[in-house]
Each structure stands twice: as structure tokens, then as C-alpha cells.
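Structure file target05.cif (mmCIF, C-alpha atoms and all ligand atoms) is printed below.
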data_input
#
loop_
_atom_site.label_atom_id
_atom_site.label_comp_id
_atom_site.auth_asym_id
_atom_site.auth_seq_id
_atom_site.Cartn_x
_atom_site.Cartn_y
_atom_site.Cartn_z
CA MET V 248 -14.80 20.59 -2.90
CA SER V 249 -14.56 16.84 -2.47
CA ASP V 250 -14.16 16.61 -6.26
CA ASN V 251 -10.52 17.55 -5.67
CA ARG V 252 -10.11 14.52 -3.45
CA ALA V 253 -9.36 11.13 -4.89
CA VAL V 254 -10.39 9.50 -1.63
CA SER V 255 -12.74 10.89 0.94
CA VAL V 256 -13.80 8.99 4.05
CA ARG V 257 -16.10 10.47 6.66
CA SER V 258 -17.01 8.93 9.95
CA LEU V 259 -15.94 5.35 9.27
CA THR V 260 -16.52 3.07 12.23
CA ARG V 261 -15.69 -0.65 12.12
CA ARG V 262 -16.34 -3.00 15.00
CA PHE V 263 -15.63 -6.68 15.41
CA GLY V 264 -17.73 -7.77 18.36
CA THR V 265 -16.81 -5.40 21.16
CA ASN V 266 -13.55 -4.40 19.47
CA THR V 267 -13.91 -0.95 17.88
CA VAL V 268 -11.13 -0.96 15.31
CA LEU V 269 -11.96 2.22 13.39
CA ASN V 270 -13.73 4.93 15.31
CA ALA V 271 -15.42 7.69 13.26
CA LEU V 272 -12.30 7.90 11.09
CA ASP V 273 -11.94 10.73 8.57
CA LEU V 274 -9.44 10.61 5.70
CA GLU V 275 -8.79 12.61 2.53
CA LEU V 276 -6.25 11.73 -0.14
CA GLU V 277 -5.33 14.12 -2.95
CA PRO V 278 -5.33 12.72 -6.49
CA GLY V 279 -1.92 11.38 -7.46
CA SER V 280 -0.54 11.63 -3.93
CA PHE V 281 1.62 8.94 -2.29
CA THR V 282 0.67 8.29 1.33
CA ALA V 283 1.99 5.77 3.84
CA LEU V 284 -0.11 4.40 6.67
CA LEU V 285 1.70 3.34 9.83
CA GLY V 286 0.24 2.00 13.05
CA ARG V 287 0.88 -0.59 15.71
CA SER V 288 -0.04 -4.18 15.01
CA GLY V 289 -3.80 -4.57 15.25
CA SER V 290 -4.47 -0.82 14.90
CA GLY V 291 -6.74 -1.37 11.92
CA LYS V 292 -4.53 -0.54 8.92
CA SER V 293 -5.59 -3.55 6.86
CA THR V 294 -9.21 -3.06 7.89
CA LEU V 295 -9.11 0.49 6.51
CA LEU V 296 -7.40 -0.65 3.32
CA ARG V 297 -9.88 -3.46 2.78
CA THR V 298 -12.77 -1.08 3.22
CA LEU V 299 -11.28 1.33 0.65
CA ALA V 300 -10.76 -1.61 -1.72
CA GLY V 301 -14.39 -2.62 -1.35
CA LEU V 302 -13.31 -6.02 0.01
CA ASP V 303 -15.12 -5.37 3.30
CA PRO V 304 -18.63 -3.97 3.26
CA ALA V 305 -18.70 -0.28 4.16
CA PRO V 306 -21.03 0.54 7.04
CA ALA V 307 -24.14 2.38 5.89
CA ASP V 308 -23.53 5.43 8.08
CA ALA V 309 -20.02 6.09 6.70
CA GLU V 310 -19.38 8.24 3.64
CA ILE V 311 -16.73 6.67 1.43
CA ARG V 312 -15.69 8.03 -1.95
CA VAL V 313 -13.05 6.27 -3.98
CA PRO V 314 -12.25 6.33 -7.72
CA ALA V 315 -14.00 3.84 -9.98
CA SER V 316 -10.82 1.88 -10.63
CA VAL V 317 -9.04 0.55 -7.56
CA ALA V 318 -6.29 -2.08 -7.46
CA VAL V 319 -4.73 -3.80 -4.45
CA ALA V 320 -1.49 -5.68 -3.88
CA PHE V 321 -0.88 -7.67 -0.70
CA GLN V 322 2.11 -9.02 1.17
CA GLU V 323 1.68 -12.37 -0.62
CA PRO V 324 1.47 -12.07 -4.41
CA ARG V 325 -1.62 -14.35 -4.52
CA LEU V 326 -0.87 -15.80 -7.96
CA LEU V 327 -2.85 -18.74 -9.31
CA PRO V 328 -0.28 -21.56 -9.71
CA TRP V 329 -2.13 -23.19 -12.60
CA LYS V 330 -2.03 -20.07 -14.75
CA LYS V 331 1.02 -18.68 -16.53
CA VAL V 332 2.45 -15.33 -15.45
CA TRP V 333 0.73 -13.36 -18.21
CA GLN V 334 -2.58 -15.11 -17.49
CA ASN V 335 -2.31 -14.13 -13.84
CA VAL V 336 -1.88 -10.54 -14.94
CA THR V 337 -4.95 -10.59 -17.19
CA ILE V 338 -7.32 -12.27 -14.72
CA GLY V 339 -10.64 -10.50 -14.90
CA LEU V 340 -9.48 -8.23 -17.70
CA PRO V 341 -12.03 -7.95 -20.50
CA GLY V 342 -11.23 -7.54 -24.18
CA SER V 343 -9.20 -9.21 -26.87
CA GLY V 344 -5.97 -7.25 -26.41
CA ALA V 345 -5.54 -8.54 -22.87
CA LYS V 346 -2.35 -10.54 -23.56
CA ALA V 347 -0.63 -7.57 -25.24
CA ARG V 348 -1.57 -5.37 -22.30
CA ALA V 349 -0.21 -7.96 -19.86
CA GLU V 350 3.04 -8.13 -21.83
CA ARG V 351 3.42 -4.35 -21.68
CA ALA V 352 2.74 -4.32 -17.92
CA LEU V 353 5.20 -7.17 -17.36
CA ALA V 354 7.84 -5.33 -19.41
CA GLU V 355 7.32 -2.29 -17.20
CA VAL V 356 8.11 -4.30 -14.08
CA GLY V 357 11.11 -5.94 -15.79
CA LEU V 358 9.54 -9.36 -16.34
CA ASN V 359 9.33 -9.51 -20.15
CA ARG V 360 11.32 -12.76 -20.15
CA HIS V 361 8.86 -14.42 -17.79
CA THR V 362 5.51 -13.88 -19.50
CA GLU V 363 5.15 -17.60 -20.34
CA ALA V 364 6.57 -18.83 -17.00
CA TRP V 365 4.65 -20.61 -14.24
CA PRO V 366 4.37 -18.81 -10.89
CA ALA V 367 6.23 -21.64 -9.09
CA THR V 368 9.38 -20.79 -11.08
CA LEU V 369 9.47 -17.14 -9.94
CA SER V 370 11.54 -15.70 -7.10
CA GLY V 371 9.73 -13.84 -4.31
CA GLY V 372 10.57 -10.49 -5.88
CA GLU V 373 9.47 -11.63 -9.35
CA ALA V 374 6.19 -12.92 -7.97
CA GLN V 375 5.59 -9.58 -6.27
CA ARG V 376 6.42 -7.74 -9.52
CA THR V 377 3.83 -9.91 -11.24
CA ALA V 378 1.30 -8.82 -8.62
CA LEU V 379 2.24 -5.20 -9.32
CA ALA V 380 1.80 -5.75 -13.07
CA ARG V 381 -1.62 -7.30 -12.38
CA ALA V 382 -2.56 -4.18 -10.42
CA LEU V 383 -1.19 -1.76 -13.02
CA VAL V 384 -2.67 -3.36 -16.10
CA ARG V 385 -6.05 -2.09 -14.88
CA GLU V 386 -4.73 1.51 -14.90
CA PRO V 387 -6.11 2.09 -11.40
CA ARG V 388 -6.67 5.63 -10.16
CA LEU V 389 -6.26 4.30 -6.62
CA LEU V 390 -3.47 1.84 -5.82
CA LEU V 391 -3.64 0.20 -2.40
CA LEU V 392 -0.54 -1.66 -1.18
CA ASP V 393 -0.78 -3.75 2.00
CA GLU V 394 2.77 -4.40 3.20
CA PRO V 395 3.77 -5.46 -0.31
CA PHE V 396 7.51 -5.76 0.41
CA ALA V 397 7.45 -7.18 3.94
CA ALA V 398 8.28 -10.72 2.86
CA LEU V 399 11.17 -9.75 0.57
CA ASP V 400 14.88 -9.71 1.35
CA ALA V 401 16.52 -6.32 1.92
CA LEU V 402 18.13 -5.98 -1.53
CA THR V 403 14.98 -6.98 -3.38
CA ARG V 404 13.02 -4.55 -1.24
CA ILE V 405 15.33 -1.68 -2.27
CA ARG V 406 14.77 -2.55 -5.94
CA MET V 407 11.02 -2.75 -5.40
CA HIS V 408 10.99 0.68 -3.77
CA ALA V 409 12.63 2.18 -6.84
CA LEU V 410 10.24 0.31 -9.13
CA VAL V 411 7.13 1.42 -7.28
CA LEU V 412 8.27 5.04 -7.35
CA ASP V 413 8.96 4.80 -11.11
CA LEU V 414 5.54 3.27 -11.75
CA TRP V 415 3.85 5.87 -9.56
CA ARG V 416 5.55 8.70 -11.50
CA VAL V 417 4.51 7.27 -14.86
CA HIS V 418 0.94 6.22 -14.03
CA THR V 419 0.19 8.74 -11.24
CA PRO V 420 -2.36 6.67 -9.30
CA THR V 421 -3.28 7.94 -5.86
CA THR V 422 -1.27 5.51 -3.76
CA LEU V 423 -1.73 4.34 -0.18
CA ILE V 424 0.80 1.92 1.27
CA VAL V 425 0.36 0.14 4.60
CA THR V 426 3.69 -0.63 6.19
CA HIS V 427 5.30 -1.49 9.53
CA ASP V 428 8.54 -0.01 8.36
CA VAL V 429 9.05 3.65 9.30
CA ASP V 430 12.01 3.98 6.92
CA GLU V 431 9.98 2.60 4.03
CA ALA V 432 7.26 5.16 4.77
CA VAL V 433 9.70 8.08 4.80
CA LEU V 434 11.56 6.81 1.75
CA LEU V 435 8.47 6.49 -0.43
CA ALA V 436 5.63 8.72 0.68
CA ASP V 437 4.84 12.43 0.54
CA ARG V 438 2.66 12.12 3.59
CA VAL V 439 2.73 9.67 6.50
CA LEU V 440 -0.35 8.89 8.57
CA VAL V 441 -0.33 7.10 11.90
CA LEU V 442 -3.42 5.14 12.83
CA ASP V 443 -4.12 4.89 16.55
CA ALA V 444 -7.24 4.26 18.64
CA GLY V 445 -9.33 4.02 15.50
CA ARG V 446 -8.38 7.37 14.00
CA ILE V 447 -5.64 9.16 12.09
CA ALA V 448 -3.60 10.26 15.10
CA ALA V 449 -0.77 11.92 13.16
CA ASP V 450 -0.63 13.37 9.66
CA ILE V 451 2.90 14.33 8.72
CA PRO V 452 4.14 15.70 5.37
CA VAL V 453 7.47 14.42 4.04
CA GLU V 454 9.09 17.47 2.52
CA MET V 455 12.22 15.97 1.05
CA PRO V 456 13.26 15.65 -2.59
CA ARG V 457 13.73 12.14 -4.00
CA PRO V 458 15.80 10.06 -4.02
CA ARG V 459 15.94 10.22 -0.23
CA SER V 460 18.81 9.09 1.89
CA HIS V 461 18.60 7.42 5.31
CA GLY V 462 21.54 9.53 6.43
CA ASP V 463 19.87 12.88 5.64
CA SER V 464 19.30 14.78 8.91
CA ARG V 465 15.65 15.46 7.92
CA PHE V 466 15.17 11.71 7.38
CA VAL V 467 16.63 10.94 10.81
CA ALA V 468 14.45 13.58 12.51
CA LEU V 469 11.30 12.33 10.81
CA ARG V 470 12.09 8.69 11.65
CA ARG V 471 12.53 9.67 15.29
CA ARG V 472 9.24 11.59 15.33
CA LEU V 473 7.32 8.74 13.75
CA LEU V 474 8.79 6.15 16.10
CA SER V 475 7.74 8.32 19.00
CA GLU V 476 4.22 8.66 17.51
CA LEU V 477 4.18 4.85 17.39
CA GLY V 478 5.13 4.69 21.06
CA VAL V 479 8.68 3.44 20.49
CA GLU V 480 10.79 5.27 23.06
CA ALA V 481 14.19 6.80 22.36
CA GLU V 482 15.98 4.27 24.61
CA VAL V 483 14.65 1.40 22.52
CA ILE V 484 15.79 3.15 19.35
CA ARG V 485 19.28 3.63 20.80
CA GLU V 486 19.49 0.04 21.96
CA ALA V 487 18.48 -1.25 18.53
CA ALA V 488 21.06 0.95 16.76
N1 LIG N 501 -12.80 -10.39 10.18
C1 LIG N 501 -12.45 -10.08 11.43
N2 LIG N 501 -13.09 -10.60 12.50
C2 LIG N 501 -12.75 -10.28 13.76
N3 LIG N 501 -11.76 -9.43 14.07
C3 LIG N 501 -11.08 -8.87 13.07
C4 LIG N 501 -11.38 -9.16 11.69
N4 LIG N 501 -10.53 -8.44 10.91
C5 LIG N 501 -9.74 -7.75 11.75
N5 LIG N 501 -10.06 -7.99 13.03
C6 LIG N 501 -9.42 -7.40 14.22
O1 LIG N 501 -9.34 -6.02 14.02
C7 LIG N 501 -8.10 -5.49 14.53
C8 LIG N 501 -7.38 -4.76 13.42
O2 LIG N 501 -6.91 -5.69 12.47
P1 LIG N 501 -6.08 -5.21 11.19
O3 LIG N 501 -5.66 -6.43 10.45
O4 LIG N 501 -6.85 -4.18 10.45
O5 LIG N 501 -4.83 -4.51 11.90
P2 LIG N 501 -3.46 -4.08 11.27
O6 LIG N 501 -3.16 -2.71 11.81
O7 LIG N 501 -3.46 -4.21 9.81
O8 LIG N 501 -2.49 -5.14 11.97
P3 LIG N 501 -1.06 -5.74 11.50
O9 LIG N 501 -0.14 -4.56 11.44
O10 LIG N 501 -0.71 -6.68 12.61
O11 LIG N 501 -1.25 -6.42 10.17
C9 LIG N 501 -7.37 -6.69 15.11
O12 LIG N 501 -7.59 -6.70 16.48
C10 LIG N 501 -8.00 -7.87 14.41
O13 LIG N 501 -7.94 -9.00 15.25
#

Let's see the structure in the file written out as C-alpha cells.
Ligand SMILES: Nc1ncnc2c1ncn2[C@@H]1O[C@H](COP(=O)(O)OP(=O)(O)OP(=O)(O)O)[C@@H](O)[C@H]1O
Amino acid sequence: MSDNRAVSVRSLTRRFGTNTVLNALDLELEPGSFTALLGRSGSGKSTLLRTLAGLDPAPADAEIRVPASVAVAFQEPRLLPWKKVWQNVTIGLPGSGAKARAERALAEVGLNRHTEAWPATLSGGEAQRTALARALVREPRLLLLDEPFAALDALTRIRMHALVLDLWRVHTPTTLIVTHDVDEAVLLADRVLVLDAGRIAADIPVEMPRPRSHGDSRFVALRRRLLSELGVEAEVIREAA
């Protein structure tokens, strides 16, 4: 049965000292699905993502199954300033055709004119596209995105949303995005999870065709529900509007 699941986590507990961040957490992701992970600050979203990425050691008593090829992109693009853009994309990539593969990936994210550029000459959005190209060039079956657009201006973020959806449609990796932004979650994902008290406290499907509009009544209803799951009361929402 679990062969149908791209990601399967059973009973994952993570503690830092006396702080139990993840508490016997279970999670299943279908292959090719696009899931958003919301949760209050400090709820353990990045800890879960890092464990799935293999960046944090998985506790021995947890069962964690992920595909063989996993790629991660973070809020900061984490480019090496002394390597050109294409070299950043090919870091760790074996084989002689690496540069051609990097060029193809960079063309896909709209950066074909910047392959020979230095990272310091890129805008924030271009640097984040480079990070996406670096993730994609590995053809990951699992793509983990940890607040990848949080540092970008609103217009660039809108373009990046469209780009990520295009790339997801073409390459079909199972995708999990951590975000603080409820609208971003509803705009992108087919399923939104809320992490609270160390577990998946809410698991909500997004049954809306794309492209999605903020003004759609289903969008508004779902935003309201998610904000309430996150403990943001209606009065606060009204005041902010
Ligand atoms: N290496 C570590 N050592 C000690 N505590 C840690 C470590 N990593 C995370 N924590 C703690 O675990 C909790 C969850 O952190 P995590 O970064 O996963 O939360 P988050 O939901 O991603 O938060 P945010 O939305 O603010 O980025 C926090 O209380 C954090 O201080």
C-alpha cells in the first residue's frame, strides 16, 4: 500500500531538550501531489522539512520513506558567490553533460541570459530562480520548498508562483512547500496541512481549478478556515482588511 505514497512518515518525534517539536507525527504524500504546510512560528515546519530532506538525522524509532531523489530550496538562495550561475546549478552534479543540463534548467526558469553571470549581479528573484534551477536539474521526485518566496517583493512573488506551478506541471515532483502565507498555500497547493502541537492538526483539500483567484468565494472561505485553524480570530482578520 505504501508503494502508492511518495512520502510516508510514521510516528516521527523530534525533541530539542525538553521541547517536543514533533510528537508522533504521521504524514503521507501522494506521488506528484502539491501540498502546503502551514503552522505558527516555531511549530516545527522547518524541522519536519529538514528531516524529510535528510538534513537532520531521523530518529531510529520513526519510519520515514522518501524517494531516492530529493531537492530542497530555502528562503535564501544559498548561492556560492565565487561560482558562476551555471556552476552553482551544477554543484554536486556528476557527468560530463552537466553544463548543458544547467543551461536547460536555467532556460526553464527564464535565466538563459544569465548562465555566465556571477550571483552578486542577480536580483533577489533571479537568485531564487537559480536556486530552483539547481533543485530541478537533479530531476527530484520530491521537491521541498522552505518559504522560498518570503524574501521577495509582491510582484516577483506572483511571477514565482506561476513559475513553480509551471515547473511542477512539467516535472511532476511531489512537492511540499512550507509557508507562513495562507493565500500562497491556497493559491498553489492541492492540499493544505496545519502543523500544531507536534502533529498534523488539519488536513484540508483545495478543490479549486487553477488559476485561482483571491476573490473567488471558495478562496475566501478557505482562507478564513485556515486562519481560524492557525488561531487568528475573525476580529483580527477584519481589522487587518
Ligand atoms: N537545532 C535546534 N536546536 C534547538 N532547538 C531547535 C533546533 N531547531 C529547531 N529548534 C526549535 O524547534 C522549534 C521548531 O522550530 P522550526 O524552525 O522547525 O519551526 P518553524 O515552524 O519552521 O518556525 P518558523 O515558522 O518561525 O520558521 C523552535 O522552538 C526552535 O527553537

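As for atom CA of Ile424 of chain V and atom CA of Gly289 of chain V, they are spaced 16.1 Å apart.
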
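For ligand LIG 501 (chain N), the neighbouring protein, DNA and RNA residues, which are those within 6 Å when all atoms listed in the file are counted, are Phe263, Val268, Gly286, Arg287, Ser288, Gly289, Ser290, Gly291, Lys292, Ser293 and Thr294 of chain V.
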
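Note that atom CA of Pro278 of chain V and atom CA of Arg459 of chain V are 22.3 Å apart.
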
**Request:** Show which residues sit within 7 Å of segment 324-340 of chain V, as a ChimeraX atom specification. Count only C-alpha atoms, and ignore same-chain residues fewer than 4 positions away.
**Result:** /V:345-346,349-350,361-367,374-375,377-378,380-381

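Among the candidates V:Val479, V:Leu391, V:Pro458, V:Gly264, the residue lying nearest to Thr282 of chain V is V:Leu391 (atoms considered: all atoms listed in the file).
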
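Distances from V:Pro387, V:Pro341, V:Gly445, V:Pro452 to Ser316 of chain V were compared using all atoms listed in the file, and the smallest one belongs to V:Pro387.
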
**Fill in**
From atom CA of Leu435 of chain V to atom CA of Glu394 of chain V the spacing works out at 12.8 Å

**Prompt:** Can you list, as a ChimeraX atom specification, every protein, DNA or RNA residue that comes within 9 Å of Glu386 of chain V when you count all atoms listed in the file, leaving out same-chain residues fewer than 5 positions away?
**Reply:** /V:316-318,418,420

**Request:** Skip Arg438 of chain V itself and residues of its chain fewer than 5 positions away, then list as number ranges by chain all residues within 10 Å of it, counting all atoms listed in the file.
**Result:** V: 276, 280-284, 423, 432-433, 450-454

Just-selected residues, C-alpha atoms written as a short mmCIF file (atom, residue, chain, number, x, y, z; two decimals), keeping the file's coordinate frame:
data_model
loop_
_atom_site.label_atom_id
_atom_site.label_comp_id
_atom_site.auth_asym_id
_atom_site.auth_seq_id
_atom_site.Cartn_x
_atom_site.Cartn_y
_atom_site.Cartn_z
CA LEU V 276 -6.25 11.73 -0.14
CA SER V 280 -0.54 11.63 -3.93
CA PHE V 281 1.62 8.94 -2.29
CA THR V 282 0.67 8.29 1.33
CA ALA V 283 1.99 5.77 3.84
CA LEU V 284 -0.11 4.40 6.67
CA LEU V 423 -1.73 4.34 -0.18
CA ALA V 432 7.26 5.16 4.77
CA VAL V 433 9.70 8.08 4.80
CA ASP V 450 -0.63 13.37 9.66
CA ILE V 451 2.90 14.33 8.72
CA PRO V 452 4.14 15.70 5.37
CA VAL V 453 7.47 14.42 4.04
CA GLU V 454 9.09 17.47 2.52
#

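Compared by their closest atoms to Leu474 of chain V, and using only C-alpha atoms, the residues V:Arg348, V:Thr260, V:Gln322, V:Leu285 rank with V:Leu285 nearest.
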
Using 4 Å of padding on each side, determine the axis-aligned box around all atoms of segment 352-356 of chain V present in the file and give its centre and edge lengths in Å to one decimal, as AutoDock Vina command-line options.
--center_x 5.4 --center_y -4.7 --center_z -16.7 --size_x 13.4 --size_y 12.9 --size_z 13.3

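Taking all atoms listed in the file into account, Leu414 of chain V lies nearest to V:Gly357 out of the set V:Pro456, V:Gly372, V:Pro304, V:Gly357.
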
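Proximity ranking of V:Arg252, V:Arg376, V:Arg472, V:His427 relative to Glu277 of chain V places V:Arg252 first, based on all atoms listed in the file.
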
**Request:** List every protein, DNA or RNA residue with an atom no more than 12 Å from (-17.0, 8.6, 8.5) in the file's coordinates, counting all atoms listed in the file, and format the result as a PyMOL selection string.
**Result:** chain V and resi 255-261+269-275+295+298+305-312+445-447

Take segment 417-439 of chain V, model N, CA and C atoms, and hand the result over as a PDB file, keeping the file's coordinate frame.
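Result file result_3.pdb:
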ATOM      1  N   VAL V 417       5.005   7.432 -13.486  1.00  0.00           N
ATOM      2  CA  VAL V 417       4.510   7.270 -14.860  1.00  0.00           C
ATOM      3  C   VAL V 417       2.988   7.219 -14.882  1.00  0.00           C
ATOM      4  N   HIS V 418       2.388   6.467 -13.964  1.00  0.00           N
ATOM      5  CA  HIS V 418       0.940   6.220 -14.030  1.00  0.00           C
ATOM      6  C   HIS V 418       0.122   7.144 -13.129  1.00  0.00           C
ATOM      7  N   THR V 419       0.788   7.780 -12.176  1.00  0.00           N
ATOM      8  CA  THR V 419       0.190   8.740 -11.240  1.00  0.00           C
ATOM      9  C   THR V 419      -1.109   8.281 -10.534  1.00  0.00           C
ATOM     10  N   PRO V 420      -1.196   7.029 -10.110  1.00  0.00           N
ATOM     11  CA  PRO V 420      -2.360   6.670  -9.300  1.00  0.00           C
ATOM     12  C   PRO V 420      -2.212   7.282  -7.899  1.00  0.00           C
ATOM     13  N   THR V 421      -3.309   7.623  -7.287  1.00  0.00           N
ATOM     14  CA  THR V 421      -3.280   7.940  -5.860  1.00  0.00           C
ATOM     15  C   THR V 421      -2.853   6.662  -5.163  1.00  0.00           C
ATOM     16  N   THR V 422      -1.835   6.742  -4.326  1.00  0.00           N
ATOM     17  CA  THR V 422      -1.270   5.510  -3.760  1.00  0.00           C
ATOM     18  C   THR V 422      -1.278   5.564  -2.239  1.00  0.00           C
ATOM     19  N   LEU V 423      -1.743   4.469  -1.647  1.00  0.00           N
ATOM     20  CA  LEU V 423      -1.730   4.340  -0.180  1.00  0.00           C
ATOM     21  C   LEU V 423      -1.048   3.029   0.155  1.00  0.00           C
ATOM     22  N   ILE V 424       0.053   3.122   0.894  1.00  0.00           N
ATOM     23  CA  ILE V 424       0.800   1.920   1.270  1.00  0.00           C
ATOM     24  C   ILE V 424       0.722   1.719   2.779  1.00  0.00           C
ATOM     25  N   VAL V 425       0.316   0.539   3.189  1.00  0.00           N
ATOM     26  CA  VAL V 425       0.360   0.140   4.600  1.00  0.00           C
ATOM     27  C   VAL V 425       1.714  -0.493   4.843  1.00  0.00           C
ATOM     28  N   THR V 426       2.394  -0.036   5.883  1.00  0.00           N
ATOM     29  CA  THR V 426       3.690  -0.630   6.190  1.00  0.00           C
ATOM     30  C   THR V 426       3.958  -0.593   7.691  1.00  0.00           C
ATOM     31  N   HIS V 427       4.812  -1.523   8.152  1.00  0.00           N
ATOM     32  CA  HIS V 427       5.300  -1.490   9.530  1.00  0.00           C
ATOM     33  C   HIS V 427       6.603  -0.731   9.613  1.00  0.00           C
ATOM     34  N   ASP V 428       7.157  -0.451   8.453  1.00  0.00           N
ATOM     35  CA  ASP V 428       8.540  -0.010   8.360  1.00  0.00           C
ATOM     36  C   ASP V 428       8.583   1.519   8.217  1.00  0.00           C
ATOM     37  N   VAL V 429       9.020   2.181   9.281  1.00  0.00           N
ATOM     38  CA  VAL V 429       9.050   3.650   9.300  1.00  0.00           C
ATOM     39  C   VAL V 429       9.948   4.171   8.175  1.00  0.00           C
ATOM     40  N   ASP V 430      11.089   3.522   7.967  1.00  0.00           N
ATOM     41  CA  ASP V 430      12.010   3.980   6.920  1.00  0.00           C
ATOM     42  C   ASP V 430      11.371   3.862   5.536  1.00  0.00           C
ATOM     43  N   GLU V 431      10.657   2.779   5.327  1.00  0.00           N
ATOM     44  CA  GLU V 431       9.980   2.600   4.030  1.00  0.00           C
ATOM     45  C   GLU V 431       8.966   3.727   3.809  1.00  0.00           C
ATOM     46  N   ALA V 432       8.248   4.084   4.869  1.00  0.00           N
ATOM     47  CA  ALA V 432       7.260   5.160   4.770  1.00  0.00           C
ATOM     48  C   ALA V 432       7.928   6.473   4.376  1.00  0.00           C
ATOM     49  N   VAL V 433       9.037   6.798   5.047  1.00  0.00           N
ATOM     50  CA  VAL V 433       9.700   8.080   4.800  1.00  0.00           C
ATOM     51  C   VAL V 433      10.384   8.092   3.434  1.00  0.00           C
ATOM     52  N   LEU V 434      10.881   6.924   3.040  1.00  0.00           N
ATOM     53  CA  LEU V 434      11.560   6.810   1.750  1.00  0.00           C
ATOM     54  C   LEU V 434      10.599   7.034   0.577  1.00  0.00           C
ATOM     55  N   LEU V 435       9.377   6.517   0.710  1.00  0.00           N
ATOM     56  CA  LEU V 435       8.470   6.490  -0.430  1.00  0.00           C
ATOM     57  C   LEU V 435       7.457   7.642  -0.455  1.00  0.00           C
ATOM     58  N   ALA V 436       6.876   7.945   0.692  1.00  0.00           N
ATOM     59  CA  ALA V 436       5.630   8.720   0.680  1.00  0.00           C
ATOM     60  C   ALA V 436       5.852  10.229   0.791  1.00  0.00           C
ATOM     61  N   ASP V 437       4.848  10.983   0.368  1.00  0.00           N
ATOM     62  CA  ASP V 437       4.840  12.430   0.540  1.00  0.00           C
ATOM     63  C   ASP V 437       4.106  12.824   1.820  1.00  0.00           C
ATOM     64  N   ARG V 438       3.453  11.840   2.398  1.00  0.00           N
ATOM     65  CA  ARG V 438       2.660  12.120   3.590  1.00  0.00           C
ATOM     66  C   ARG V 438       2.582  10.809   4.375  1.00  0.00           C
ATOM     67  N   VAL V 439       2.792  10.880   5.672  1.00  0.00           N
ATOM     68  CA  VAL V 439       2.730   9.670   6.500  1.00  0.00           C
ATOM     69  C   VAL V 439       1.622   9.853   7.537  1.00  0.00           C
TER      70      VAL V 439
END
